[in-house]
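A.B. asks: What follows is the file query-v8.txt, containing compact mmCIF, C-alpha atoms:
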```
# COMPACT_ATOMS: atom_id res chain seq x y z
CA MET A 1 5.03 -24.48 18.77
CA ALA A 2 8.05 -25.22 20.92
CA HIS A 3 9.80 -21.92 20.22
CA HIS A 4 6.81 -19.74 20.94
CA LYS A 5 7.66 -18.71 24.47
CA SER A 6 11.35 -19.48 24.63
CA LEU A 7 13.80 -16.64 24.52
CA TRP A 8 16.23 -16.84 21.66
CA GLY A 9 19.89 -15.98 21.70
CA VAL A 10 21.71 -13.77 19.27
CA ALA A 11 23.24 -16.92 17.78
CA ASP A 12 19.75 -18.11 16.82
CA ILE A 13 19.23 -15.13 14.55
CA SER A 14 20.79 -14.22 11.25
CA PHE A 15 19.87 -11.50 8.83
CA GLU A 16 20.65 -10.26 5.36
CA ILE A 17 19.95 -7.05 3.53
CA VAL A 18 18.04 -7.87 0.38
CA ASP A 19 19.53 -6.20 -2.65
CA ASP A 20 16.56 -4.89 -4.58
CA MET A 21 18.81 -3.31 -7.24
CA SER A 22 17.45 0.10 -6.38
CA ASP A 23 19.00 3.35 -5.23
CA ASP A 24 15.80 4.29 -3.48
CA PRO A 25 15.89 4.95 0.26
CA VAL A 26 14.10 1.71 0.99
CA VAL A 27 15.77 -1.20 2.73
CA THR A 28 14.55 -4.78 3.02
CA LEU A 29 15.94 -6.96 5.80
CA ARG A 30 15.34 -10.69 5.80
CA ILE A 31 15.76 -12.20 9.24
CA ALA A 32 15.99 -15.93 9.94
CA THR A 33 14.57 -16.89 13.32
CA PRO A 34 13.90 -20.24 15.00
CA VAL A 35 10.21 -19.92 14.05
CA GLY A 36 10.73 -18.94 10.44
CA SER A 37 11.72 -16.06 8.25
CA LEU A 38 10.71 -12.48 8.90
CA THR A 39 11.03 -9.63 6.44
CA PHE A 40 11.20 -5.97 7.35
CA MET A 41 10.93 -3.21 4.80
CA ALA A 42 11.47 0.39 5.82
CA GLU A 43 12.81 3.78 4.86
CA PRO A 44 16.07 4.11 6.80
CA VAL A 45 17.51 7.29 8.24
CA MET A 46 20.95 7.25 9.84
CA GLN A 47 21.34 9.57 12.81
CA GLY A 48 24.95 9.16 13.82
CA THR A 49 25.23 5.57 14.98
CA ILE A 50 21.49 5.20 15.41
CA LEU A 51 19.43 3.74 12.61
CA ARG A 52 15.86 4.95 12.41
CA LEU A 53 13.59 2.72 10.34
CA THR A 54 10.56 4.73 9.29
CA ARG A 55 7.29 3.51 7.73
CA THR A 56 8.28 -0.04 8.57
CA HIS A 57 6.40 -3.06 7.30
CA VAL A 58 6.84 -6.54 8.74
CA GLN A 59 5.88 -9.73 7.02
CA GLY A 60 6.41 -13.37 7.76
CA ALA A 61 4.83 -16.47 9.13
CA ALA A 62 6.41 -15.81 12.48
CA SER A 63 5.51 -12.14 12.83
CA ASN A 64 2.85 -12.76 15.49
CA MET A 65 4.87 -15.37 17.41
CA ILE A 66 7.89 -13.38 18.43
CA GLY A 67 7.14 -11.53 21.62
CA ALA A 68 8.87 -8.50 23.05
CA GLY A 69 11.87 -10.42 24.41
CA ASN A 70 12.74 -11.99 21.11
CA LEU A 71 12.14 -8.74 19.28
CA LEU A 72 14.88 -7.34 21.48
CA VAL A 73 17.14 -10.22 20.49
CA ILE A 74 16.48 -9.53 16.82
CA ALA A 75 17.25 -5.85 17.35
CA GLN A 76 20.49 -6.73 19.17
CA THR A 77 21.50 -8.99 16.30
CA VAL A 78 20.89 -6.29 13.72
CA MET A 79 22.68 -3.64 15.79
CA GLU A 80 25.69 -5.87 16.29
CA GLY A 81 25.73 -6.95 12.65
CA MET A 82 25.56 -3.38 11.42
CA ASP A 83 27.63 -1.91 14.26
CA LEU A 84 24.91 0.40 15.45
CA ASP A 85 24.40 1.89 18.90
CA GLY A 86 20.69 2.23 18.58
CA LEU A 87 17.74 1.18 16.48
CA VAL A 88 14.40 2.96 16.25
CA VAL A 89 11.53 1.25 14.47
CA GLU A 90 8.52 3.28 13.43
CA GLY A 91 5.70 1.20 11.98
CA ALA A 92 3.60 1.98 8.98
CA LEU A 93 -0.14 2.46 9.18
CA ARG A 94 -2.14 -0.58 10.23
CA THR A 95 -5.15 -1.77 8.32
CA THR A 96 -6.24 -4.57 10.58
CA GLY A 97 -5.44 -5.96 13.96
CA ALA A 98 -5.86 -4.17 17.23
CA ASN A 99 -5.93 -0.62 15.95
CA PRO A 100 -6.75 -0.32 12.27
CA GLY A 101 -5.84 3.09 10.92
CA HIS A 102 -3.35 3.82 13.68
CA ARG A 103 0.39 3.71 13.66
CA PRO A 104 1.97 1.23 16.04
CA ARG A 105 4.09 2.68 18.81
CA VAL A 106 7.71 3.51 18.13
CA LEU A 107 10.14 0.81 19.28
CA ARG A 108 13.52 1.99 20.55
CA PHE A 109 16.44 -0.33 21.15
CA THR A 110 19.87 0.39 22.56
CA ARG A 111 22.78 -1.90 21.89
CA ARG A 112 23.92 -3.80 24.92
CA VAL A 113 27.54 -4.57 25.42
CA ARG A 114 27.73 -8.31 25.92
CA PRO A 115 30.29 -9.47 28.49
CA ALA A 116 33.18 -11.43 27.11
CA PRO A 117 32.90 -15.18 27.82
CA ALA A 118 35.92 -15.10 30.14
CA ALA A 119 34.88 -11.97 31.93
CA GLY A 120 33.59 -13.90 34.88
CA LYS A 121 31.05 -12.72 37.38
CA ARG A 122 29.46 -9.33 36.95
CA THR A 123 30.21 -6.90 39.74
CA SER A 124 27.66 -4.17 39.24
CA MET B 1 -3.76 1.21 -15.54
CA PHE B 2 -4.86 -1.12 -12.80
CA VAL B 3 -7.17 -0.76 -9.88
CA LEU B 4 -5.89 -2.39 -6.71
CA ARG B 5 -8.10 -2.97 -3.73
CA LEU B 6 -8.20 -4.80 -0.45
CA PRO B 7 -10.88 -7.48 -0.58
CA PRO B 8 -13.29 -7.11 2.36
CA GLY B 9 -12.36 -9.27 5.32
CA SER B 10 -9.11 -10.35 3.73
CA GLY B 11 -6.92 -9.27 6.64
CA LEU B 12 -3.55 -7.63 6.46
CA PRO B 13 -1.99 -7.91 3.01
CA ARG B 14 1.59 -9.03 2.54
CA THR B 15 2.74 -5.50 1.96
CA ILE B 16 6.36 -6.32 1.26
CA ASP B 17 5.55 -8.94 -1.36
CA ALA B 18 3.10 -6.52 -2.93
CA THR B 19 5.70 -3.75 -3.00
CA HIS B 20 8.18 -6.03 -4.74
CA ALA B 21 5.51 -7.12 -7.23
CA LEU B 22 4.99 -3.48 -8.23
CA ALA B 23 8.72 -2.75 -8.28
CA ARG B 24 9.27 -5.68 -10.66
CA ARG B 25 6.85 -3.95 -13.03
CA GLY B 26 8.93 -0.80 -13.27
CA LEU B 27 8.04 1.32 -10.26
CA THR B 28 10.88 2.48 -8.05
CA MET B 29 10.93 0.78 -4.66
CA LEU B 30 9.88 3.99 -2.96
CA ARG B 31 6.98 4.61 -5.31
CA ALA B 32 5.89 0.99 -5.03
CA LYS B 33 6.04 1.12 -1.24
CA ARG B 34 4.13 4.38 -1.08
CA ALA B 35 1.51 3.02 -3.48
CA ILE B 36 0.90 0.05 -1.23
CA GLU B 37 0.70 2.34 1.78
CA ARG B 38 -1.92 4.46 -0.01
CA LEU B 39 -3.80 1.27 -0.76
CA ILE B 40 -3.74 0.36 2.92
CA GLU B 41 -5.00 3.79 3.90
CA ASP B 42 -7.67 4.17 1.22
CA GLY B 43 -8.59 0.56 0.47
CA ARG B 44 -8.32 1.21 -3.27
CA ILE B 45 -5.89 2.85 -5.67
CA VAL B 46 -5.52 3.22 -9.40
CA ILE B 47 -1.96 2.73 -10.56
CA ASP B 48 -0.03 2.94 -13.81
CA LEU B 49 2.77 0.38 -14.12
CA PRO B 50 5.48 0.80 -16.75
CA PHE B 51 6.00 -2.90 -17.53
CA VAL B 52 3.26 -5.47 -17.15
CA GLU B 53 4.02 -8.77 -18.81
CA SER B 54 0.40 -9.83 -18.52
CA PRO B 55 -2.50 -8.59 -16.43
CA SER B 56 -3.17 -12.10 -15.17
CA ALA B 57 0.41 -12.52 -13.93
CA LEU B 58 0.18 -9.25 -12.05
CA ALA B 59 -3.21 -10.18 -10.61
CA SER B 60 -1.84 -13.55 -9.55
CA ASP B 61 1.21 -12.04 -7.83
CA LEU B 62 -0.90 -9.52 -5.98
CA ALA B 63 -3.58 -12.06 -5.08
CA ARG B 64 -0.90 -14.07 -3.27
CA ALA B 65 -0.16 -10.88 -1.35
CA GLY B 66 -3.83 -10.46 -0.44
CA ILE B 67 -4.59 -7.71 -2.94
CA ALA B 68 -7.11 -7.77 -5.78
CA ALA B 69 -5.96 -6.23 -9.06
CA ALA B 70 -7.90 -5.62 -12.23
CA PRO B 71 -7.09 -3.65 -15.36
CA VAL B 72 -9.05 -0.50 -15.99
CA GLU B 73 -9.49 1.38 -19.20
CA ALA B 74 -7.20 4.38 -19.26
CA ARG B 75 -9.68 6.21 -21.46
CA PRO B 76 -13.11 4.89 -20.62
CA THR B 77 -15.58 5.68 -23.32
CA VAL B 78 -19.23 6.38 -22.85
CA GLU B 79 -21.70 6.17 -25.70
CA VAL B 80 -23.45 9.45 -25.04
CA ARG B 81 -26.39 8.83 -27.34
CA ALA B 82 -27.00 5.38 -25.92
CA LEU B 83 -26.79 6.76 -22.41
CA ARG B 84 -29.23 9.57 -23.16
CA GLU B 85 -31.65 7.24 -24.86
CA ARG B 86 -31.44 4.78 -21.98
CA LEU B 87 -32.53 7.63 -19.71
CA ARG B 88 -35.33 8.50 -22.17
CA LEU B 89 -34.23 12.12 -22.44
CA THR B 90 -34.00 14.50 -25.34
CA ARG B 91 -30.69 16.22 -25.92
CA GLU B 92 -32.15 19.36 -24.38
CA GLN B 93 -33.37 17.50 -21.31
CA PHE B 94 -30.11 15.61 -20.90
CA ALA B 95 -28.07 18.79 -21.20
CA ALA B 96 -30.29 20.69 -18.77
CA ARG B 97 -30.43 17.90 -16.22
CA TYR B 98 -26.66 17.47 -16.03
CA GLY B 99 -25.49 21.02 -16.71
CA LEU B 100 -24.11 20.49 -20.20
CA GLU B 101 -24.27 22.58 -23.36
CA ILE B 102 -26.70 21.17 -25.95
CA GLU B 103 -24.13 21.79 -28.66
CA THR B 104 -21.53 19.87 -26.71
CA VAL B 105 -23.85 16.89 -26.32
CA ARG B 106 -24.62 17.01 -30.03
CA ASN B 107 -20.93 17.11 -30.91
CA TRP B 108 -20.22 14.11 -28.70
CA GLU B 109 -23.10 12.13 -30.17
CA THR B 110 -22.20 12.87 -33.76
CA GLY B 111 -18.53 12.19 -33.19
CA LYS B 112 -17.55 15.72 -34.07
CA ARG B 113 -15.79 15.99 -30.72
CA GLU B 114 -14.59 13.61 -28.04
CA PRO B 115 -15.33 14.18 -24.37
CA ASP B 116 -12.15 15.06 -22.50
CA THR B 117 -11.00 13.13 -19.42
CA THR B 118 -13.12 15.14 -17.00
CA ALA B 119 -16.19 14.88 -19.20
CA ARG B 120 -15.70 11.13 -19.63
CA SER B 121 -15.52 10.69 -15.88
CA TYR B 122 -18.68 12.76 -15.46
CA LEU B 123 -20.48 10.78 -18.17
CA ARG B 124 -19.39 7.54 -16.56
CA ALA B 125 -20.77 8.73 -13.23
CA ILE B 126 -24.06 9.57 -14.94
CA ALA B 127 -24.12 6.16 -16.60
CA ASN B 128 -23.46 4.40 -13.29
CA ASP B 129 -25.95 6.31 -11.17
CA PRO B 130 -27.99 8.91 -13.08
CA GLU B 131 -30.36 9.75 -10.23
CA ARG B 132 -27.66 10.48 -7.68
CA VAL B 133 -25.64 12.52 -10.14
CA GLU B 134 -28.75 14.53 -10.92
CA GLN B 135 -29.32 15.11 -7.21
CA ALA B 136 -25.70 16.02 -6.67
CA TYR B 137 -25.74 18.46 -9.56
CA ALA B 138 -29.07 20.06 -8.65
CA PRO B 139 -28.79 23.63 -7.34
CA THR B 140 -28.92 23.93 -3.56
CA PRO B 141 -32.19 25.59 -2.52
CA SER B 142 -31.60 29.04 -1.14
CA LEU B 143 -31.85 29.08 2.65
CA ASP B 144 -33.37 32.54 2.68
CA GLY B 145 -35.80 31.93 -0.15
```
Show the structure stored in the file as structure tokens.
C.D. replies:
Amino acid sequence: MAHHKSLWGVADISFEIVDDMSDDPVVTLRIATPVGSLTFMAEPVMQGTILRLTRTHVQGAASNMIGAGNLLVIAQTVMEGMDLDGLVVEGALRTTGANPGHRPRVLRFTRRVRPAPAAGKRTS
Amino acid sequence: MFVLRLPPGSGLPRTIDATHALARRGLTMLRAKRAIERLIEDGRIVIDLPFVESPSALASDLARAGIAAAPVEARPTVEVRALRERLRLTREQFAARYGLEIETVRNWETGKREPDTTARSYLRAIANDPERVEQAYAPTPSLDG
């Protein structure tokens, strides 16, 4: 698959919050990526400007083809789209895979401020 | 009532699809999600869904999500006399072996009384595996005797 190892840009990603017609504290995010659609379902907790997604499930044809770099791009897209400063993703229990019966590690993302196109060279 | 289970070797179920399938049948999203999580942890759950258009439609939806679903009787009945006779026991023997009152067994067999939920579950366990239930019920030998 051509997209497997390439790093995506924020422009490659779009997402929508699925309206499940419920007042329950459960959110479903559908994310379009270059390798297909991904769906996240979690119980969200807002902590200031940081969104913590607890008991998160991920589903989609592309879920095992993303890689850490592109996961970061997805997180940046969601944080920018929802105007968040941080995103914490806590997975639900695994049944299969590398560690059945264990919870995956917590993923923490911080929103990066992207330089404006005309900002020129970085002088860090 | 339905029993949901993860077929052996079936891999990770599509938990989100499964959650939505339960939510469409009247569970709140949170209850549906938690039910699927219990299924993942335990491998099997029994669940009551408020609206099921047809058991086959539910089973089909969940099968696509990698989950097996089958209806279960909410009030399973056990023919006590038939069970006792299958085990070739008198009422007295049956009652003694499984810790029941003879009068209770008689009432169940004659239809004078119905076993309650707990008793039905116990009778079903006896029907499914009479030897093991007998062993499980048998008094533990005293360690100092």
A.B. asks: For atom CA of A:Gly36 and atom CA of B:Arg64, determine how far apart the two atoms are, in Å to one decimal place.
C.D. replies: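 Going from atom CA of A:Gly36 over to atom CA of B:Arg64, I get 18.6 Å.
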A.B. asks: Which residue gives the smallest distance to B:Tyr98 among B:Ile126, B:Leu30, B:Val80, B:Met1, with only C-alpha atoms counted?
C.D. replies: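 Looking at the shortest contact to B:Tyr98, the residue is B:Ile126.
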A.B. asks: Within 12 Å of B:Ser60, counting only C-alpha atoms, which residues qualify if same-chain residues fewer than 6 places away don't, as JSON, numbers by chain?
C.D. replies: {"B": [17, 18, 21, 53, 54, 66, 67, 68, 69, 70]}
A.B. asks: With 10 Å as the cut-off and all atoms listed in the file counted, what is the closest atom pair between each nearby residue of stretch 15-93 of chain B and stretch 101-116 of chain B? Distances in Å to one decimal, ordered by chain and number, as a Markdown table.
C.D. replies:
```
| residue | atom | partner | partner_atom | distance |
| --- | --- | --- | --- | --- |
| B:Arg75 | CA | B:Asp116 | CA | 9.2 |
| B:Thr77 | CA | B:Pro115 | CA | 8.6 |
| B:Val78 | CA | B:Pro115 | CA | 8.9 |
| B:Glu79 | CA | B:Glu109 | CA | 7.6 |
| B:Val80 | CA | B:Glu109 | CA | 5.8 |
| B:Arg81 | CA | B:Glu109 | CA | 5.5 |
| B:Ala82 | CA | B:Glu109 | CA | 8.9 |
| B:Arg84 | CA | B:Val105 | CA | 9.6 |
| B:Thr90 | CA | B:Ile102 | CA | 9.9 |
| B:Arg91 | CA | B:Ile102 | CA | 6.4 |
| B:Glu92 | CA | B:Ile102 | CA | 6.0 |
| B:Gln93 | CA | B:Ile102 | CA | 8.9 |
```
A.B. asks: Once 6 Å is added on each side, what centre and edge lengths in Å to one decimal does the axis-aligned box around all listed atoms of stretch 50-57 of chain A have, as lines of an AutoDock Vina configuration file?
C.D. replies:
```
center_x = 13.9
center_y = 1.1
center_z = 11.4
size_x = 27.1
size_y = 20.3
size_z = 20.1
```
A.B. asks: Quick one: residues within 8 Å of stretch 15-23 of chain A, all atoms listed in the file, excluding same-chain residues fewer than 2 positions away - as a PyMOL selection string?
C.D. replies: (chain A and resi 13+25+27-32+78) or (chain B and resi 28-29)
A.B. asks: Could you list, as a VMD selection string, every residue of chain B that has an atom within 12 Å of an atom of chain A, counting all atoms listed in the file?
C.D. replies: chain B and resid 6 8 to 21 23 to 24 26 to 34 36 to 43 65
A.B. asks: What is the atom CA of A:Arg52 to atom CA of A:Ala75 distance in Å?
C.D. replies: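 Here the two named atoms are 12.0 Å from each other.
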A.B. asks: Quick check, in Å to one decimal: how far apart do atom CA of A:Glu90 and atom CA of A:Val10 lie?
C.D. replies: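 Rounded to one decimal, the two atoms are 22.3 Å apart.
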A.B. asks: Applying 7 Å and only C-alpha atoms, which residues near A:Arg108 remain after dropping the ones on its own chain fewer than 3 positions away? List them as a list in words.
C.D. replies: Leu87, Val88 and Val89 of chain A
A.B. asks: Using only C-alpha atoms, which residues sit within 10 Å of B:Asp48 once same-chain residues fewer than 4 positions away are excluded, as a PyMOL selection string?
C.D. replies: chain B and resi 1-3+22+25-27+52+71-72+74
A.B. asks: Between A:Ser37, A:Thr54, A:Ser14, A:Thr49, which residue has the minimum interatomic distance to A:Arg111, considering all atoms listed in the file?
C.D. replies: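 Ranking A:Ser37, A:Thr54, A:Ser14, A:Thr49 by distance to A:Arg111, first place goes to A:Thr49.
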A.B. asks: Restricting the calculation to all atoms listed in the file: of A:Leu38, A:Leu107, A:Val113, A:Ile50, which residue gets closest to A:Ile66?
C.D. replies: A:Leu38
A.B. asks: Need the shell around A:Gly69: protein/DNA/RNA residues with any atom at most 12 Å away, counting only C-alpha atoms. Skip same-chain ones fewer than 2 positions apart. Format as a VMD selection string?
C.D. replies: chain A and resid 4 to 10 65 to 67 71 to 76 109
